[in-house]
$ cat run_32.txt   # compact mmCIF, C-alpha atoms and all ligand atoms
# COMPACT_ATOMS: atom_id res chain seq x y z
CA MET A 1 -26.77 -47.06 -57.45
CA LEU A 2 -29.12 -46.88 -54.46
CA ALA A 3 -28.53 -45.31 -51.10
CA LEU A 4 -30.15 -44.14 -47.90
CA ASP A 5 -28.37 -41.18 -46.30
CA ASP A 6 -29.18 -40.76 -42.61
CA VAL A 7 -32.82 -41.69 -43.12
CA ARG A 8 -35.30 -41.35 -40.29
CA LEU A 9 -38.82 -42.64 -40.55
CA ASP A 10 -41.67 -42.94 -38.08
CA LEU A 11 -44.71 -45.09 -38.87
CA GLY A 12 -47.66 -44.35 -36.62
CA GLU A 13 -46.03 -43.05 -33.46
CA LYS A 14 -43.15 -45.46 -33.76
CA PRO A 15 -39.60 -44.70 -34.94
CA VAL A 16 -38.93 -47.45 -37.50
CA LEU A 17 -35.64 -46.18 -38.98
CA ARG A 18 -33.35 -44.10 -36.80
CA GLY A 19 -30.79 -42.36 -39.00
CA LEU A 20 -30.06 -45.28 -41.29
CA SER A 21 -27.31 -44.98 -43.91
CA LEU A 22 -26.87 -47.77 -46.45
CA ASP A 23 -25.54 -48.02 -49.95
CA PHE A 24 -26.16 -50.59 -52.63
CA PRO A 25 -23.39 -50.64 -55.25
CA ALA A 26 -24.31 -50.87 -58.93
CA GLY A 27 -24.33 -54.34 -60.41
CA GLN A 28 -24.06 -56.13 -57.05
CA THR A 29 -26.45 -58.16 -54.95
CA THR A 30 -26.82 -57.06 -51.34
CA ALA A 31 -28.76 -59.20 -48.87
CA LEU A 32 -30.61 -57.39 -46.09
CA ILE A 33 -31.07 -59.66 -43.12
CA GLY A 34 -32.35 -59.28 -39.60
CA PRO A 35 -35.13 -60.35 -37.28
CA SER A 36 -38.80 -59.81 -38.03
CA GLY A 37 -39.85 -56.18 -37.70
CA CYS A 38 -36.33 -54.67 -37.89
CA GLY A 39 -37.23 -52.58 -40.97
CA LYS A 40 -36.05 -54.61 -43.98
CA SER A 41 -39.27 -54.25 -46.01
CA THR A 42 -39.42 -50.58 -45.02
CA VAL A 43 -36.03 -50.03 -46.68
CA LEU A 44 -37.35 -51.51 -49.94
CA ARG A 45 -40.52 -49.38 -49.77
CA LEU A 46 -38.34 -46.28 -49.42
CA LEU A 47 -36.13 -47.33 -52.35
CA VAL A 48 -39.16 -47.76 -54.60
CA GLY A 49 -40.80 -44.53 -53.40
CA LEU A 50 -43.82 -46.09 -51.66
CA LEU A 51 -42.67 -44.35 -48.46
CA ARG A 52 -40.92 -41.00 -48.10
CA PRO A 53 -38.38 -40.40 -45.32
CA ASP A 54 -39.18 -37.96 -42.50
CA ALA A 55 -35.56 -36.84 -42.64
CA GLY A 56 -32.51 -37.77 -44.71
CA VAL A 57 -32.26 -38.62 -48.40
CA VAL A 58 -33.02 -41.66 -50.57
CA ARG A 59 -30.85 -41.75 -53.69
CA PHE A 60 -31.45 -43.50 -56.99
CA ASP A 61 -28.57 -43.52 -59.45
CA GLY A 62 -26.85 -40.90 -57.32
CA GLU A 63 -29.75 -38.43 -57.39
CA PRO A 64 -32.26 -37.76 -54.60
CA LEU A 65 -35.47 -39.69 -55.29
CA THR A 66 -37.81 -36.70 -55.55
CA PRO A 67 -41.48 -37.00 -56.66
CA GLY A 68 -40.45 -35.69 -60.09
CA ARG A 69 -37.96 -38.53 -60.57
CA MET A 70 -40.19 -41.25 -59.16
CA ALA A 71 -41.85 -42.52 -62.36
CA ALA A 72 -38.55 -42.87 -64.22
CA ALA A 73 -37.00 -44.69 -61.26
CA ARG A 74 -40.00 -47.04 -61.00
CA HIS A 75 -39.65 -48.02 -64.65
CA ARG A 76 -36.03 -49.00 -63.99
CA THR A 77 -36.96 -51.04 -60.92
CA GLY A 78 -38.45 -54.52 -60.57
CA TYR A 79 -40.08 -55.18 -57.21
CA VAL A 80 -41.27 -58.47 -55.78
CA ILE A 81 -43.27 -57.86 -52.61
CA GLN A 82 -43.77 -60.45 -49.87
CA GLU A 83 -46.20 -63.19 -50.97
CA GLY A 84 -45.66 -62.13 -54.60
CA GLY A 85 -48.56 -59.66 -54.70
CA LEU A 86 -50.15 -61.04 -57.85
CA PHE A 87 -53.61 -59.79 -58.81
CA PRO A 88 -55.97 -62.74 -58.24
CA HIS A 89 -58.42 -61.74 -61.00
CA LEU A 90 -55.73 -61.62 -63.73
CA SER A 91 -54.10 -64.62 -65.39
CA ALA A 92 -50.43 -65.31 -64.68
CA GLY A 93 -49.54 -63.94 -68.12
CA ALA A 94 -51.63 -60.79 -67.62
CA ASN A 95 -49.93 -60.24 -64.25
CA ALA A 96 -46.47 -60.59 -65.79
CA THR A 97 -47.21 -58.22 -68.68
CA LEU A 98 -49.15 -55.62 -66.69
CA LEU A 99 -46.68 -52.74 -66.79
CA ALA A 100 -45.60 -53.37 -70.39
CA ARG A 101 -49.26 -53.21 -71.50
CA GLU A 102 -49.80 -50.08 -69.40
CA LEU A 103 -46.82 -48.52 -71.21
CA LYS A 104 -48.37 -49.56 -74.54
CA ARG A 105 -45.43 -51.65 -75.67
CA PRO A 106 -46.07 -53.42 -79.02
CA ALA A 107 -48.04 -56.68 -78.61
CA ALA A 108 -45.48 -58.76 -80.53
CA GLU A 109 -42.67 -57.49 -78.31
CA ILE A 110 -44.72 -58.32 -75.18
CA ALA A 111 -45.49 -61.84 -76.43
CA ALA A 112 -41.84 -62.52 -77.24
CA ARG A 113 -40.65 -61.26 -73.86
CA LEU A 114 -43.29 -63.33 -72.04
CA ASP A 115 -42.07 -66.44 -73.80
CA GLU A 116 -38.43 -65.63 -73.08
CA LEU A 117 -39.09 -65.01 -69.38
CA ALA A 118 -41.19 -68.15 -68.95
CA ARG A 119 -38.19 -70.09 -70.20
CA LEU A 120 -35.80 -68.14 -67.96
CA VAL A 121 -37.81 -68.80 -64.77
CA ARG A 122 -38.72 -72.32 -65.92
CA LEU A 123 -42.49 -71.86 -65.93
CA GLY A 124 -44.49 -73.93 -68.40
CA THR A 125 -46.19 -71.59 -70.89
CA ASP A 126 -49.40 -73.63 -70.49
CA LEU A 127 -49.65 -72.15 -66.96
CA LEU A 128 -49.74 -68.55 -68.18
CA ASP A 129 -53.51 -68.63 -68.77
CA ARG A 130 -54.27 -69.67 -65.21
CA PRO A 131 -55.11 -67.25 -62.40
CA PRO A 132 -52.66 -67.25 -59.46
CA GLY A 133 -55.18 -69.20 -57.35
CA ARG A 134 -54.67 -72.22 -59.61
CA LEU A 135 -50.88 -72.19 -59.37
CA SER A 136 -48.63 -73.67 -56.69
CA GLY A 137 -46.73 -71.35 -54.34
CA GLY A 138 -43.47 -71.89 -56.26
CA GLU A 139 -45.16 -71.21 -59.61
CA ARG A 140 -46.67 -68.00 -58.22
CA GLN A 141 -43.22 -66.84 -57.09
CA ARG A 142 -41.91 -67.53 -60.60
CA VAL A 143 -44.70 -65.39 -62.08
CA ALA A 144 -43.93 -62.59 -59.60
CA LEU A 145 -40.30 -62.74 -60.74
CA MET A 146 -41.37 -62.60 -64.39
CA ARG A 147 -43.41 -59.48 -63.66
CA ALA A 148 -40.47 -57.84 -61.88
CA LEU A 149 -38.04 -58.73 -64.70
CA PHE A 150 -40.36 -57.87 -67.57
CA LEU A 151 -38.91 -54.47 -68.50
CA ASP A 152 -35.34 -55.71 -67.90
CA PRO A 153 -34.86 -53.29 -64.97
CA ASP A 154 -31.47 -52.07 -63.75
CA VAL A 155 -32.62 -52.55 -60.16
CA LEU A 156 -34.35 -55.53 -58.56
CA LEU A 157 -35.87 -55.30 -55.08
CA LEU A 158 -36.83 -58.73 -53.78
CA ASP A 159 -38.74 -58.98 -50.50
CA GLU A 160 -38.55 -62.59 -49.29
CA PRO A 161 -39.07 -63.79 -52.88
CA LEU A 162 -38.80 -67.42 -51.80
CA GLY A 163 -40.71 -67.15 -48.54
CA ALA A 164 -43.36 -69.68 -47.54
CA LEU A 165 -42.15 -72.43 -49.87
CA ASP A 166 -41.33 -75.97 -48.86
CA PRO A 167 -37.58 -76.63 -48.59
CA MET A 168 -37.27 -78.63 -51.84
CA VAL A 169 -39.11 -76.05 -53.95
CA ARG A 170 -37.21 -73.28 -52.20
CA ALA A 171 -33.82 -74.84 -52.91
CA GLY A 172 -34.71 -75.29 -56.61
CA LEU A 173 -35.87 -71.68 -56.91
CA GLN A 174 -32.77 -70.43 -55.07
CA ASP A 175 -30.56 -72.06 -57.69
CA ASP A 176 -32.68 -70.79 -60.60
CA LEU A 177 -32.81 -67.26 -59.22
CA ARG A 178 -29.09 -67.19 -58.59
CA GLU A 179 -28.48 -68.24 -62.18
CA ILE A 180 -30.74 -65.40 -63.37
CA LEU A 181 -29.00 -62.80 -61.19
CA ASP A 182 -25.38 -63.89 -61.63
CA GLY A 183 -23.76 -61.83 -64.34
CA SER A 184 -27.01 -59.94 -65.05
CA GLY A 185 -25.35 -56.63 -64.13
CA LYS A 186 -28.43 -55.70 -62.09
CA THR A 187 -28.31 -53.97 -58.74
CA VAL A 188 -30.21 -56.30 -56.45
CA VAL A 189 -31.44 -55.88 -52.90
CA LEU A 190 -32.67 -59.16 -51.47
CA VAL A 191 -34.54 -59.21 -48.17
CA THR A 192 -34.53 -62.44 -46.23
CA HIS A 193 -34.43 -63.51 -42.61
CA ASP A 194 -32.55 -66.65 -43.60
CA LEU A 195 -28.79 -66.31 -43.25
CA ALA A 196 -27.96 -69.31 -45.44
CA GLU A 197 -30.15 -67.94 -48.21
CA ALA A 198 -28.53 -64.50 -47.89
CA ALA A 199 -25.06 -66.04 -48.20
CA HIS A 200 -26.20 -68.18 -51.16
CA PHE A 201 -27.00 -65.01 -53.12
CA SER A 202 -24.51 -62.47 -51.96
CA GLU A 203 -21.08 -61.79 -50.55
CA ARG A 204 -22.41 -58.55 -49.14
CA LEU A 205 -24.75 -58.98 -46.19
CA VAL A 206 -26.20 -56.15 -44.13
CA LEU A 207 -27.55 -57.20 -40.75
CA MET A 208 -30.23 -54.91 -39.30
CA ARG A 209 -31.69 -54.61 -35.82
CA ALA A 210 -34.50 -52.26 -34.77
CA GLY A 211 -34.09 -49.81 -37.66
CA GLU A 212 -30.31 -49.72 -37.59
CA ALA A 213 -27.59 -51.43 -39.63
CA VAL A 214 -25.50 -53.34 -37.14
CA GLN A 215 -22.87 -54.86 -39.44
CA ALA A 216 -22.14 -55.20 -43.16
CA GLY A 217 -19.78 -57.69 -44.74
CA ARG A 218 -19.39 -61.26 -45.90
CA LEU A 219 -20.78 -64.14 -43.86
CA GLU A 220 -17.23 -64.99 -42.77
CA ASP A 221 -16.71 -61.40 -41.54
CA LEU A 222 -19.86 -61.58 -39.45
CA ARG A 223 -18.89 -65.00 -38.14
CA GLU A 224 -15.24 -64.29 -37.41
CA ARG A 225 -15.51 -60.65 -36.32
CA PRO A 226 -19.07 -60.06 -35.04
CA ALA A 227 -19.64 -56.38 -34.23
CA ASP A 228 -21.44 -57.20 -30.99
CA GLY A 229 -23.38 -59.77 -29.02
CA PHE A 230 -26.48 -59.30 -31.18
CA VAL A 231 -24.56 -60.38 -34.31
CA ARG A 232 -23.15 -63.37 -32.43
CA GLY A 233 -26.62 -64.30 -31.18
CA PHE A 234 -28.24 -63.92 -34.63
CA LEU A 235 -25.62 -66.21 -36.17
CA ALA A 236 -25.82 -68.72 -33.33
CA ALA A 237 -29.62 -68.90 -33.71
CA GLN A 238 -29.18 -69.84 -37.39
CA ARG A 239 -26.22 -72.16 -36.90
CA ARG A 240 -27.57 -74.85 -39.19
N1 LIG B 301 -47.93 -48.99 -42.01
C1 LIG B 301 -47.34 -49.15 -40.82
N2 LIG B 301 -47.78 -48.49 -39.72
C2 LIG B 301 -47.17 -48.63 -38.52
N3 LIG B 301 -46.09 -49.42 -38.32
C3 LIG B 301 -45.62 -50.11 -39.38
C4 LIG B 301 -46.21 -50.01 -40.67
N4 LIG B 301 -45.50 -50.80 -41.53
C5 LIG B 301 -44.53 -51.37 -40.77
N5 LIG B 301 -44.59 -50.95 -39.50
C6 LIG B 301 -43.68 -51.32 -38.41
O1 LIG B 301 -42.37 -51.00 -38.82
C7 LIG B 301 -41.44 -51.97 -38.35
C8 LIG B 301 -40.62 -52.50 -39.51
O2 LIG B 301 -41.46 -53.24 -40.39
P1 LIG B 301 -40.89 -54.00 -41.66
O3 LIG B 301 -42.05 -54.60 -42.39
O4 LIG B 301 -39.99 -53.10 -42.41
O5 LIG B 301 -40.03 -55.15 -40.95
P2 LIG B 301 -39.28 -56.41 -41.58
O6 LIG B 301 -37.90 -56.39 -41.04
O7 LIG B 301 -39.44 -56.40 -43.07
O8 LIG B 301 -40.09 -57.62 -40.94
P3 LIG B 301 -40.49 -59.08 -41.54
O9 LIG B 301 -39.19 -59.86 -41.66
O10 LIG B 301 -41.38 -59.65 -40.48
O11 LIG B 301 -41.18 -58.86 -42.84
C9 LIG B 301 -42.27 -53.05 -37.64
O12 LIG B 301 -42.18 -52.84 -36.25
C10 LIG B 301 -43.66 -52.81 -38.14
O13 LIG B 301 -44.60 -53.17 -37.15
$ encode --input "run_32.txt" --output "structure tokens"
Amino acid sequence: MLALDDVRLDLGEKPVLRGLSLDFPAGQTTALIGPSGCGKSTVLRLLVGLLRPDAGVVRFDGEPLTPGRMAAARHRTGYVIQEGGLFPHLSAGANATLLARELKRPAAEIAARLDELARLVRLGTDLLDRPPGRLSGGERQRVALMRALFLDPDVLLLDEPLGALDPMVRAGLQDDLREILDGSGKTVVLVTHDLAEAAHFSERLVLMRAGEAVQAGRLEDLRERPADGFVRGFLAAQRR
């Protein structure tokens, strides 16, 4: 569904991706893991067309993601950026419905979908009138998820969607999100630096280091047959 073919990308003077090839099969969740700064968010920005590769090809639904195909791909993609990225001056509801209103979807359809999604992500509808600044961190993440899911996209790109939450809230949201994703048929790329969280969501982990994919597989594969000392060290550091 999504792929990077031998993608190179420099940001500033710095090589960030060095001939990276990855593929994300349709209908599956893939977790991208790796230490801070290894290029995980950069991969998502390429997949959504916010960055263009210096060399190599980004594919969406098998086709190169050219400028002409960008808008159609964006409408089939839900994207949760780090920290949620909600607009502070809009209410939670207005944030969630932003793209649907931009696309001039009928008001009744928007209202019905808002209600349905609030139930799905377990957000009280009384909170929809509040601006993000008057919501808790967990509630804001739920609104960011509603916004990403609003048009029922084929593809979901989630950049640390549960970051910066206390462990109890995080565990609750992990379970809710897994329930939403399981059996949804969506192609999901989940970025996290937390190995346990990655394994909670996906049987397919891709471990990155300094712009390269070091190893892909299930948690057991990484644990039992680590590709190198870096994989062993990354797992040992997260032993809990
Ligand atoms: N706009 C930019 N200009 C220059 N360098 C950048 C830019 N954006 C990112 N980088 C660099 O690219 C590298 C990869 O960044 P990226 O955000 O993809 O990492 P990450 O793996 O998602 O990290 P984290 O887990 O901390 O979010 C980092 O070294 C970062 O400093």
$ closest_atom_pairs --input "run_32.txt" --of "chain A" --to "ligand LIG 301 (chain B)" --cutoff "10 Å" --atoms "all atoms listed in the file" --output "JSON lines"
{"residue": "A:Leu9", "atom": "CA", "partner": "B:LIG301", "partner_atom": "O1", "distance": 9.2}
{"residue": "A:Asp10", "atom": "CA", "partner": "B:LIG301", "partner_atom": "N3", "distance": 7.8}
{"residue": "A:Leu11", "atom": "CA", "partner": "B:LIG301", "partner_atom": "C2", "distance": 4.3}
{"residue": "A:Gly12", "atom": "CA", "partner": "B:LIG301", "partner_atom": "C2", "distance": 4.7}
{"residue": "A:Glu13", "atom": "CA", "partner": "B:LIG301", "partner_atom": "C2", "distance": 7.6}
{"residue": "A:Lys14", "atom": "CA", "partner": "B:LIG301", "partner_atom": "N3", "distance": 6.7}
{"residue": "A:Pro15", "atom": "CA", "partner": "B:LIG301", "partner_atom": "O1", "distance": 7.9}
{"residue": "A:Val16", "atom": "CA", "partner": "B:LIG301", "partner_atom": "O1", "distance": 5.1}
{"residue": "A:Leu17", "atom": "CA", "partner": "B:LIG301", "partner_atom": "C8", "distance": 8.1}
{"residue": "A:Leu32", "atom": "CA", "partner": "B:LIG301", "partner_atom": "O6", "distance": 8.9}
{"residue": "A:Ile33", "atom": "CA", "partner": "B:LIG301", "partner_atom": "O6", "distance": 7.9}
{"residue": "A:Gly34", "atom": "CA", "partner": "B:LIG301", "partner_atom": "O6", "distance": 6.4}
{"residue": "A:Pro35", "atom": "CA", "partner": "B:LIG301", "partner_atom": "O9", "distance": 6.0}
{"residue": "A:Ser36", "atom": "CA", "partner": "B:LIG301", "partner_atom": "O10", "distance": 3.6}
{"residue": "A:Gly37", "atom": "CA", "partner": "B:LIG301", "partner_atom": "O5", "distance": 3.4}
{"residue": "A:Cys38", "atom": "CA", "partner": "B:LIG301", "partner_atom": "O6", "distance": 3.9}
{"residue": "A:Gly39", "atom": "CA", "partner": "B:LIG301", "partner_atom": "O4", "distance": 3.2}
{"residue": "A:Lys40", "atom": "CA", "partner": "B:LIG301", "partner_atom": "O6", "distance": 3.9}
{"residue": "A:Ser41", "atom": "CA", "partner": "B:LIG301", "partner_atom": "O7", "distance": 3.6}
{"residue": "A:Thr42", "atom": "CA", "partner": "B:LIG301", "partner_atom": "O4", "distance": 3.7}
{"residue": "A:Val43", "atom": "CA", "partner": "B:LIG301", "partner_atom": "O4", "distance": 6.6}
{"residue": "A:Leu44", "atom": "CA", "partner": "B:LIG301", "partner_atom": "O4", "distance": 8.1}
{"residue": "A:Arg45", "atom": "CA", "partner": "B:LIG301", "partner_atom": "O4", "distance": 8.3}
{"residue": "A:Leu46", "atom": "CA", "partner": "B:LIG301", "partner_atom": "O4", "distance": 9.9}
{"residue": "A:Leu51", "atom": "CA", "partner": "B:LIG301", "partner_atom": "N1", "distance": 9.5}
{"residue": "A:Gln82", "atom": "CA", "partner": "B:LIG301", "partner_atom": "O11", "distance": 7.7}
{"residue": "A:Asp159", "atom": "CA", "partner": "B:LIG301", "partner_atom": "O7", "distance": 7.9}
{"residue": "A:Glu160", "atom": "CA", "partner": "B:LIG301", "partner_atom": "O11", "distance": 7.9}
{"residue": "A:Val191", "atom": "CA", "partner": "B:LIG301", "partner_atom": "O7", "distance": 7.6}
{"residue": "A:Thr192", "atom": "CA", "partner": "B:LIG301", "partner_atom": "O9", "distance": 7.0}
{"residue": "A:His193", "atom": "CA", "partner": "B:LIG301", "partner_atom": "O9", "distance": 6.1}
{"residue": "A:Asp194", "atom": "CA", "partner": "B:LIG301", "partner_atom": "O9", "distance": 9.7}
{"residue": "A:Met208", "atom": "CA", "partner": "B:LIG301", "partner_atom": "O6", "distance": 8.0}
{"residue": "A:Arg209", "atom": "CA", "partner": "B:LIG301", "partner_atom": "O6", "distance": 8.3}
{"residue": "A:Ala210", "atom": "CA", "partner": "B:LIG301", "partner_atom": "C8", "distance": 7.7}
{"residue": "A:Gly211", "atom": "CA", "partner": "B:LIG301", "partner_atom": "C8", "distance": 7.3}
$ closest_residue --input "run_32.txt" --among "A:Arg232, A:Arg76, A:Arg52, A:Arg105" --to "Leu157 of chain A" --atoms "all atoms listed in the file"
A:Arg76
$ closest_atom_pairs --input "run_32.txt" --of "segment 42-133 of chain A" --to "segment 179-183 of chain A" --cutoff "12 Å" --atoms "all atoms listed in the file" --output "JSON lines"
{"residue": "A:Leu117", "atom": "CA", "partner": "A:Ile180", "partner_atom": "CA", "distance": 10.3}
{"residue": "A:Arg119", "atom": "CA", "partner": "A:Ile180", "partner_atom": "CA", "distance": 11.1}
{"residue": "A:Leu120", "atom": "CA", "partner": "A:Ile180", "partner_atom": "CA", "distance": 7.4}
{"residue": "A:Val121", "atom": "CA", "partner": "A:Ile180", "partner_atom": "CA", "distance": 8.0}
{"residue": "A:Arg122", "atom": "CA", "partner": "A:Ile180", "partner_atom": "CA", "distance": 10.9}
$ closest_residue --input "run_32.txt" --among "A:Ala111, A:Val189, A:Pro53, A:Ala31" --to "Arg18 of chain A" --atoms "all atoms listed in the file"
A:Pro53
$ atom_distance --input "run_32.txt" --atom1 "atom CA of Thr77 of chain A" --atom2 "atom CA of Ser202 of chain A"
19.1 Å
$ closest_residue --input "run_32.txt" --among "A:Leu90, A:Leu123, A:Leu99, A:Ala236" --to "Asp176 of chain A" --atoms "all atoms listed in the file"
A:Leu123
$ residues_around --input "run_32.txt" --residues "Pro226 of chain A" --least-positions-apart "3" --cutoff "12 Å" --atoms "all atoms listed in the file" --output "compact mmCIF listing (two decimals) with C-alpha atoms, keeping the file's coordinate frame"
# COMPACT_ATOMS: atom_id res chain seq x y z
CA LEU A 207 -27.55 -57.20 -40.75
CA VAL A 214 -25.50 -53.34 -37.14
CA GLN A 215 -22.87 -54.86 -39.44
CA ALA A 216 -22.14 -55.20 -43.16
CA GLY A 217 -19.78 -57.69 -44.74
CA ARG A 218 -19.39 -61.26 -45.90
CA LEU A 219 -20.78 -64.14 -43.86
CA GLU A 220 -17.23 -64.99 -42.77
CA ASP A 221 -16.71 -61.40 -41.54
CA LEU A 222 -19.86 -61.58 -39.45
CA ARG A 223 -18.89 -65.00 -38.14
CA GLY A 229 -23.38 -59.77 -29.02
CA PHE A 230 -26.48 -59.30 -31.18
CA VAL A 231 -24.56 -60.38 -34.31
CA ARG A 232 -23.15 -63.37 -32.43
CA GLY A 233 -26.62 -64.30 -31.18
CA PHE A 234 -28.24 -63.92 -34.63
CA LEU A 235 -25.62 -66.21 -36.17
CA ALA A 236 -25.82 -68.72 -33.33
$ atom_distance --input "run_32.txt" --atom1 "atom CA of Leu149 of chain A" --atom2 "atom CA of Gly78 of chain A"
5.9 Å
$ atom_distance --input "run_32.txt" --atom1 "atom CA of Gly133 of chain A" --atom2 "atom CA of Asn95 of chain A"
12.5 Å
$ closest_residue --input "run_32.txt" --among "A:Val7, A:Val143, A:Ala199, A:Phe24" --to "Leu156 of chain A" --atoms "all atoms listed in the file"
A:Phe24
$ closest_residue --input "run_32.txt" --among "A:Ala26, A:Ala112, A:Leu190, A:Val48" --to "Ala73 of chain A" --atoms "all atoms listed in the file"
A:Val48
$ closest_residue --input "run_32.txt" --among "A:Arg130, A:Arg74, A:Arg140, A:Arg59" --to "Asp5 of chain A" --atoms "all atoms listed in the file"
A:Arg59
$ residues_near_point --input "run_32.txt" --point "(-40.8, -67.8, -48.6)" --cutoff "10 Å" --atoms "only C-alpha atoms" --output "ChimeraX atom specification"
/A:82-84,137-138,141,159-167,169-170,192-194
$ residues_around --input "run_32.txt" --residues "Ser91 of chain A" --least-positions-apart "3" --cutoff "9 Å" --atoms "all atoms listed in the file" --output "list in words"
Phe87, Pro88, Ala94, Asn95, Ala96, Leu127, Leu128, Asp129, Arg130, Pro131 and Pro132 of chain A
$ axis_aligned_box --input "run_32.txt" --around "segment 204-210 of chain A" --padding-each-side "8 Å" --output "AutoDock Vina command-line options"
--center_x -28.5 --center_y -55.6 --center_z -42.0 --size_x 28.1 --size_y 22.7 --size_z 30.4
